[in-house]
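This is upload14.txt (compact mmCIF, C-alpha atoms and all ligand atoms).
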```
# COMPACT_ATOMS: atom_id res chain seq x y z
CA MET A 252 0.00 0.00 0.00
CA ILE A 253 1.11 3.55 -0.71
CA GLU A 254 -0.09 6.43 1.44
CA ILE A 255 -0.52 9.92 0.00
CA THR A 256 -0.84 12.91 2.35
CA LEU A 257 -1.59 16.31 0.87
CA LEU A 258 0.67 18.42 3.07
CA GLY A 259 -0.01 21.64 1.22
CA THR A 260 -2.93 22.20 -1.14
CA GLY A 261 -2.32 25.92 -1.75
CA SER A 262 -0.70 27.89 -4.53
CA PRO A 263 1.59 30.94 -4.79
CA ILE A 264 -1.22 33.04 -3.23
CA PRO A 265 -0.82 32.89 0.57
CA ASP A 266 -3.81 31.31 2.25
CA PRO A 267 -4.50 31.16 5.99
CA ASN A 268 -5.58 27.52 5.78
CA ARG A 269 -3.50 26.04 2.99
CA ALA A 270 0.24 25.48 2.96
CA GLY A 271 2.12 25.73 -0.33
CA PRO A 272 2.33 22.81 -2.76
CA ALA A 273 3.75 19.65 -1.19
CA SER A 274 2.72 16.01 -0.93
CA LEU A 275 4.05 13.26 1.29
CA ILE A 276 4.29 9.78 -0.17
CA ARG A 277 4.90 6.89 2.23
CA ALA A 278 5.74 3.65 0.49
CA GLY A 279 7.55 0.50 1.56
CA GLY A 280 8.78 2.06 4.80
CA GLN A 281 10.24 5.05 2.96
CA THR A 282 9.03 8.64 3.04
CA PHE A 283 9.22 10.98 0.08
CA LEU A 284 8.45 14.67 0.03
CA VAL A 285 7.23 15.82 -3.37
CA ASP A 286 7.84 19.58 -3.66
CA CYS A 287 8.26 21.81 -0.63
CA GLY A 288 5.98 24.81 -0.61
CA ARG A 289 5.55 27.22 2.27
CA GLY A 290 4.58 25.67 5.57
CA VAL A 291 5.47 22.13 4.57
CA LEU A 292 7.59 21.38 7.64
CA GLN A 293 4.75 22.37 9.99
CA ARG A 294 2.32 20.21 8.07
CA ALA A 295 4.74 17.26 7.99
CA THR A 296 5.21 17.58 11.74
CA ALA A 297 1.45 17.23 12.13
CA VAL A 298 1.68 13.72 10.65
CA GLY A 299 4.75 12.74 12.62
CA VAL A 300 7.35 13.32 9.92
CA GLY A 301 10.39 15.47 10.59
CA ALA A 302 12.91 16.82 8.10
CA ALA A 303 15.43 14.22 9.27
CA GLY A 304 12.97 11.39 8.57
CA LEU A 305 12.67 11.96 4.83
CA SER A 306 14.13 9.37 2.47
CA ALA A 307 14.40 11.91 -0.36
CA LEU A 308 13.08 15.18 -1.68
CA LEU A 309 11.51 15.01 -5.14
CA LEU A 310 11.04 18.30 -7.00
CA THR A 311 8.73 18.54 -10.01
CA HIS A 312 10.02 21.99 -10.99
CA LEU A 313 11.65 25.10 -9.64
CA HIS A 314 8.71 27.53 -9.45
CA SER A 315 8.89 29.46 -6.18
CA ASP A 316 5.69 28.02 -4.71
CA HIS A 317 7.11 24.49 -5.06
CA ILE A 318 10.48 25.25 -3.44
CA ALA A 319 9.61 28.06 -1.01
CA GLU A 320 10.66 26.04 2.03
CA LEU A 321 13.73 24.39 0.53
CA GLY A 322 16.18 26.45 2.61
CA ASP A 323 14.39 25.71 5.87
CA LEU A 324 14.17 22.03 4.97
CA LEU A 325 17.93 21.78 4.27
CA ILE A 326 18.90 23.56 7.49
CA THR A 327 16.30 21.86 9.68
CA ARG A 328 17.28 18.41 8.43
CA TRP A 329 20.92 19.25 9.10
CA ILE A 330 20.43 20.43 12.69
CA THR A 331 17.95 17.69 13.63
CA THR A 332 20.00 14.77 12.33
CA PHE A 333 21.92 13.52 15.34
CA THR A 334 23.77 10.55 13.87
CA PRO A 335 27.47 11.18 13.24
CA ASP A 336 28.48 11.47 9.58
CA PRO A 337 24.91 11.34 8.22
CA ALA A 338 24.39 10.14 4.68
CA PRO A 339 23.84 12.95 2.15
CA PHE A 340 20.20 14.01 1.65
CA PRO A 341 19.02 12.76 -1.76
CA ILE A 342 17.30 15.46 -3.83
CA ILE A 343 15.93 14.53 -7.23
CA GLY A 344 14.71 17.22 -9.61
CA PRO A 345 14.94 18.59 -13.13
CA PRO A 346 18.12 20.23 -14.48
CA GLY A 347 18.64 23.45 -12.52
CA THR A 348 18.02 21.74 -9.18
CA ALA A 349 21.71 21.52 -8.24
CA ALA A 350 22.28 25.23 -8.87
CA THR A 351 19.17 26.09 -6.85
CA VAL A 352 20.25 23.93 -3.90
CA THR A 353 23.78 25.35 -4.00
CA ALA A 354 22.44 28.92 -4.04
CA MET A 355 20.05 28.14 -1.18
CA LEU A 356 22.88 26.78 0.95
CA LYS A 357 24.97 29.82 0.02
CA ALA A 358 22.21 32.07 1.36
CA PHE A 359 22.56 30.28 4.71
CA ASP A 360 26.38 30.61 4.81
CA HIS A 361 26.29 32.72 7.96
CA ASP A 362 23.84 30.43 9.73
CA ILE A 363 25.89 27.37 8.81
CA SER A 364 29.12 28.90 10.10
CA TYR A 365 27.46 30.03 13.38
CA ARG A 366 26.19 26.53 14.07
CA ILE A 367 29.45 24.78 13.18
CA ALA A 368 31.29 27.19 15.50
CA HIS A 369 28.79 26.66 18.31
CA HIS A 370 28.20 22.87 18.29
CA ASP A 371 31.11 20.49 18.82
CA ASP A 372 29.26 17.71 16.99
CA LEU A 373 28.46 19.75 13.87
CA ASN A 374 31.63 19.83 11.81
CA ALA A 375 30.46 20.07 8.23
CA PRO A 376 27.78 21.95 6.30
CA PRO A 377 24.57 20.17 5.25
CA SER A 378 25.40 17.23 3.01
CA VAL A 379 23.22 16.84 -0.05
CA GLU A 380 23.28 14.63 -3.10
CA VAL A 381 21.45 16.21 -6.02
CA HIS A 382 20.36 14.17 -9.02
CA GLU A 383 18.99 15.93 -12.09
CA HIS A 384 16.76 13.96 -14.45
CA THR A 385 14.16 14.44 -17.14
CA GLU A 386 13.26 10.84 -17.88
CA GLY A 387 13.87 7.29 -16.69
CA PRO A 388 14.53 5.39 -13.46
CA VAL A 389 15.88 7.48 -10.56
CA TRP A 390 15.45 5.32 -7.43
CA ASP A 391 15.51 1.61 -6.62
CA ARG A 392 15.94 0.81 -2.94
CA ASP A 393 14.46 -1.83 -0.66
CA GLY A 394 11.40 -2.51 -2.77
CA VAL A 395 10.62 1.07 -3.79
CA SER A 396 11.30 2.27 -7.31
CA ILE A 397 10.80 5.72 -8.80
CA ARG A 398 10.77 6.80 -12.40
CA VAL A 399 10.45 10.30 -13.83
CA GLY A 400 8.92 11.53 -17.04
CA PRO A 401 8.71 14.91 -18.76
CA THR A 402 5.67 17.14 -18.26
CA ASP A 403 4.68 20.35 -20.07
CA HIS A 404 4.57 23.55 -18.00
CA ARG A 405 6.19 25.77 -20.63
CA PRO A 406 7.73 28.30 -20.55
CA VAL A 407 8.88 26.66 -17.32
CA THR A 408 11.23 23.97 -18.54
CA PRO A 409 12.25 21.26 -17.94
CA THR A 410 9.56 19.96 -15.59
CA ILE A 411 9.00 16.38 -14.47
CA GLY A 412 6.51 14.05 -12.85
CA PHE A 413 7.32 11.10 -10.57
CA ARG A 414 6.00 7.53 -10.63
CA ILE A 415 6.54 5.82 -7.29
CA GLU A 416 6.02 2.06 -7.10
CA ALA A 417 6.02 -0.26 -4.10
CA GLY A 418 4.33 -3.52 -3.23
CA GLY A 419 2.59 -3.71 -6.59
CA ALA A 420 1.02 -0.24 -6.30
CA ALA A 421 1.95 2.82 -8.38
CA VAL A 422 1.34 6.48 -7.58
CA VAL A 423 2.15 9.26 -10.02
CA CYS A 424 2.73 12.88 -8.94
CA ALA A 425 2.24 15.13 -11.94
CA GLY A 426 3.13 18.57 -10.59
CA ASP A 427 2.08 21.57 -12.69
CA THR A 428 1.45 20.66 -16.33
CA VAL A 429 -0.94 20.87 -19.21
CA PRO A 430 -2.12 17.55 -20.64
CA CYS A 431 0.80 15.99 -22.52
CA ALA A 432 2.10 12.72 -23.91
CA GLY A 433 4.92 12.58 -21.35
CA LEU A 434 2.49 12.54 -18.44
CA ASP A 435 0.13 10.15 -20.21
CA ALA A 436 2.99 7.66 -20.57
CA LEU A 437 4.21 8.11 -16.99
CA ALA A 438 0.72 7.70 -15.53
CA ALA A 439 -0.41 4.80 -17.73
CA GLY A 440 -2.09 2.15 -15.59
CA ALA A 441 -1.07 3.73 -12.27
CA ASP A 442 -3.27 3.19 -9.24
CA ALA A 443 -3.35 6.89 -8.42
CA LEU A 444 -2.54 10.21 -10.07
CA VAL A 445 -1.87 13.27 -7.89
CA HIS A 446 -2.46 16.27 -10.13
CA THR A 447 -2.41 20.04 -9.58
CA VAL A 448 -5.55 21.78 -10.82
CA ILE A 449 -6.89 25.25 -11.46
CA ARG A 450 -10.48 26.37 -12.11
CA LYS A 451 -10.11 27.99 -15.52
CA ASP A 452 -13.83 28.81 -15.50
CA ILE A 453 -13.18 31.08 -12.50
CA VAL A 454 -9.65 32.31 -13.21
CA THR A 455 -10.54 33.56 -16.70
CA GLN A 456 -13.14 35.86 -15.08
CA ILE A 457 -10.56 37.63 -12.89
CA PRO A 458 -9.91 41.07 -14.43
CA GLN A 459 -6.17 40.78 -13.99
CA GLN A 460 -4.05 39.65 -16.94
CA ARG A 461 -1.37 38.18 -14.69
CA MET A 462 -3.93 35.81 -13.18
CA GLN A 463 -5.37 34.90 -16.56
CA ASP A 464 -1.84 34.09 -17.76
CA ILE A 465 -1.72 31.02 -15.48
CA CYS A 466 -4.40 29.27 -17.53
CA ASP A 467 -2.05 28.48 -20.41
CA TYR A 468 0.37 26.31 -18.44
CA HIS A 469 -1.86 24.52 -15.93
CA SER A 470 -4.50 21.83 -16.25
CA SER A 471 -8.08 22.62 -15.36
CA VAL A 472 -9.99 20.20 -13.15
CA GLU A 473 -11.57 18.72 -16.27
CA GLU A 474 -8.21 18.40 -18.07
CA ALA A 475 -6.56 16.67 -15.11
CA ALA A 476 -9.55 14.32 -14.92
CA ALA A 477 -9.30 13.60 -18.65
CA THR A 478 -5.61 12.77 -18.21
CA ALA A 479 -6.55 10.36 -15.41
CA ALA A 480 -9.14 8.75 -17.67
CA ARG A 481 -6.74 8.40 -20.63
CA ALA A 482 -4.09 6.86 -18.38
CA GLY A 483 -6.62 4.46 -16.89
CA VAL A 484 -5.69 5.28 -13.30
CA GLY A 485 -7.86 4.12 -10.42
CA THR A 486 -7.84 7.28 -8.28
CA LEU A 487 -7.43 10.96 -9.11
CA VAL A 488 -6.15 13.10 -6.23
CA MET A 489 -6.52 16.82 -6.91
CA THR A 490 -4.38 19.45 -5.14
CA HIS A 491 -2.85 22.95 -5.62
CA TYR A 492 -6.29 24.54 -5.90
CA VAL A 493 -6.50 27.87 -7.73
CA PRO A 494 -8.52 29.66 -6.54
CA ALA A 495 -8.44 28.11 -3.09
CA LEU A 496 -11.06 25.43 -2.58
CA VAL A 497 -13.78 27.02 -0.40
CA PRO A 498 -15.27 24.74 2.27
CA GLY A 499 -18.63 23.53 1.03
CA GLN A 500 -17.64 23.67 -2.64
CA GLU A 501 -15.91 20.29 -2.72
CA GLU A 502 -18.84 18.70 -4.58
CA GLN A 503 -18.65 21.36 -7.31
CA TRP A 504 -14.99 20.49 -7.98
CA ARG A 505 -15.75 16.78 -7.75
CA THR A 506 -18.59 17.09 -10.27
CA LEU A 507 -16.32 18.85 -12.77
CA ALA A 508 -13.77 16.04 -12.46
CA ALA A 509 -16.44 13.34 -12.65
CA SER A 510 -17.57 14.76 -16.02
CA GLN A 511 -14.32 13.36 -17.47
CA PHE A 512 -13.25 10.56 -15.13
CA GLY A 513 -15.25 7.64 -13.79
CA GLY A 514 -12.84 6.48 -11.08
CA ARG A 515 -12.38 7.48 -7.45
CA ILE A 516 -11.86 11.22 -6.94
CA GLU A 517 -10.14 12.62 -3.85
CA LEU A 518 -9.76 16.25 -2.82
CA GLY A 519 -9.73 18.13 0.42
CA ASP A 520 -7.81 20.26 2.86
CA ASP A 521 -4.19 20.08 3.98
CA LEU A 522 -3.41 16.73 5.62
CA HIS A 523 -6.04 14.92 3.56
CA ARG A 524 -4.78 11.34 3.40
CA VAL A 525 -5.44 8.78 0.68
CA GLU A 526 -4.47 5.12 0.88
CA ILE A 527 -3.70 3.42 -2.39
CA ALA A 528 -3.70 -0.36 -2.68
CA PRO A 529 -2.70 -2.20 -5.83
CA ARG A 530 -5.73 -2.93 -8.01
CA PRO A 531 -6.49 -6.57 -8.78
ZN ZN A 601 4.56 25.84 -11.58
ZN ZN A 602 2.50 25.61 -8.84
```

Once you've parsed the file, please lay out its structure as structure tokens.
Amino acid sequence: MIEITLLGTGSPIPDPNRAGPASLIRAGGQTFLVDCGRGVLQRATAVGVGAAGLSALLLTHLHSDHIAELGDLLITRWITTFTPDPAPFPIIGPPGTAATVTAMLKAFDHDISYRIAHHDDLNAPPSVEVHEHTEGPVWDRDGVSIRVGPTDHRPVTPTIGFRIEAGGAAVVCAGDTVPCAGLDALAAGADALVHTVIRKDIVTQIPQQRMQDICDYHSSVEEAAATAARAGVGTLVMTHYVPALVPGQEEQWRTLAASQFGGRIELGDDLHRVEIAPRP
């Protein structure tokens, strides 16, 4: 079984009740953080997961809302890992990830030097191991395998989705993307697809060009649902709601998705948890 927890269901627009984009995937005794939007560490703490307990960080792309808490994650993992000579933190993302991580650590140069000077048992800066990929297998450890495939969020490029498999179940995290062949191939036959969605019917009515611009590189609820249907997945998990999902309107979003997809549809607030078992 694979467990999906929507840690943050928000977007770049700050919301009092929704953390920034991030999902937690627990599979085969391993714990993966997919993207790290604002507030993710607080949300992870609420489900008993600390920065030091992550098996790897998986980044779909380098938009600010998806990496807002990267610096805090790197530092917090570093100072809360108490084993001597800890293994480097695996970070898997698209090309550009290594430069982003290096720059983030650079921004914390002062903090890192203060802590090394102050604590006898902290002798080296945070240790990370960044892997940049656009396609293919990226992880195979103790019964958990992960593959990435290209998505289409142009002009943001390259962007990737992740397919995580364990115990016969497969969960795909799409990130931000319009419908595309790369995602169709990655998601084919998966048990669940976690997809970011925006309500184009609402966003196109906002008299602000900068808001309307977001429609051309995101999937609507209906488009994400159509992708799920084409790929033949069992469960569609929607997240990254733009505009924010208002309590009481869940059925409206669900109905839009159900117009294109006949499987199980999940959506909700931060910390919404979905269990995915392999289908017979
Ligand atoms: Zn994005
Ligand atoms: Zn986004």

Exercise for the section: Kindly provide, as a list in words, all nucleotide and amino acid residues lying within 7 Å of ligand ZN 602 (chain A), counting all atoms listed in the file. Expected result: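 Checking all atoms listed in the file against ligand ZN 602 (chain A) at 7 Å gives Ser262, Pro263, Pro272, His314, Asp316, His317, Asp427 and His491 of chain A.
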
Exercise for the section: Can you work out which one of A:Leu321, A:Val448, A:Ala297, A:Val381 has the shortest atom-to-atom distance to Leu284 in chain A, counting only C-alpha atoms? Expected result: A:Leu321

Problem - Using only C-alpha atoms: which of A:Ser510, A:Ala295, A:Glu380, A:Gly499 has the shortest distance to Val472 in chain A - result: A:Ser510

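The neighbours of Thr486 in chain A here are the residues that come within 9 Å of it, using all atoms listed in the file and leaving out any residue fewer than 5 positions away in the same chain; they are A:Ala441, A:Asp442, A:Ala443, A:Leu444, A:Val445, A:Ala479, A:Gly514, A:Arg515, A:Ile516, A:Glu517, A:Ile527.
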
File dump, residues just selected, C-alpha atoms, as a short mmCIF file (atom, residue, chain, number, x, y, z; two decimals), keeping the file's coordinate frame:
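Contents of the output file again_31.cif:
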```
data_model
loop_
_atom_site.label_atom_id
_atom_site.label_comp_id
_atom_site.auth_asym_id
_atom_site.auth_seq_id
_atom_site.Cartn_x
_atom_site.Cartn_y
_atom_site.Cartn_z
CA ALA A 441 -1.07 3.73 -12.27
CA ASP A 442 -3.27 3.19 -9.24
CA ALA A 443 -3.35 6.89 -8.42
CA LEU A 444 -2.54 10.21 -10.07
CA VAL A 445 -1.87 13.27 -7.89
CA ALA A 479 -6.55 10.36 -15.41
CA GLY A 514 -12.84 6.48 -11.08
CA ARG A 515 -12.38 7.48 -7.45
CA ILE A 516 -11.86 11.22 -6.94
CA GLU A 517 -10.14 12.62 -3.85
CA ILE A 527 -3.70 3.42 -2.39
#
```

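Pairwise distance (CA of Thr296 in chain A, CA of Ile330 in chain A) equals 15.5 Å.
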
Exercise for the section: Give as a ChimeraX atom specification each residue that has an atom at most 12 Å from (27.1, 17.9, 20.0) in the file, counting all atoms listed in the file. Expected result: /A:330-335,366-374

Problem - Given only C-alpha atoms and all ligand atoms as the counted atoms, nearest of A:Val407, A:Ala273, A:Leu434, A:Ile415 to ligand ZN 601 (chain A) - result: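 The shortest atom-to-atom distance to ligand ZN 601 (chain A) comes from A:Val407.
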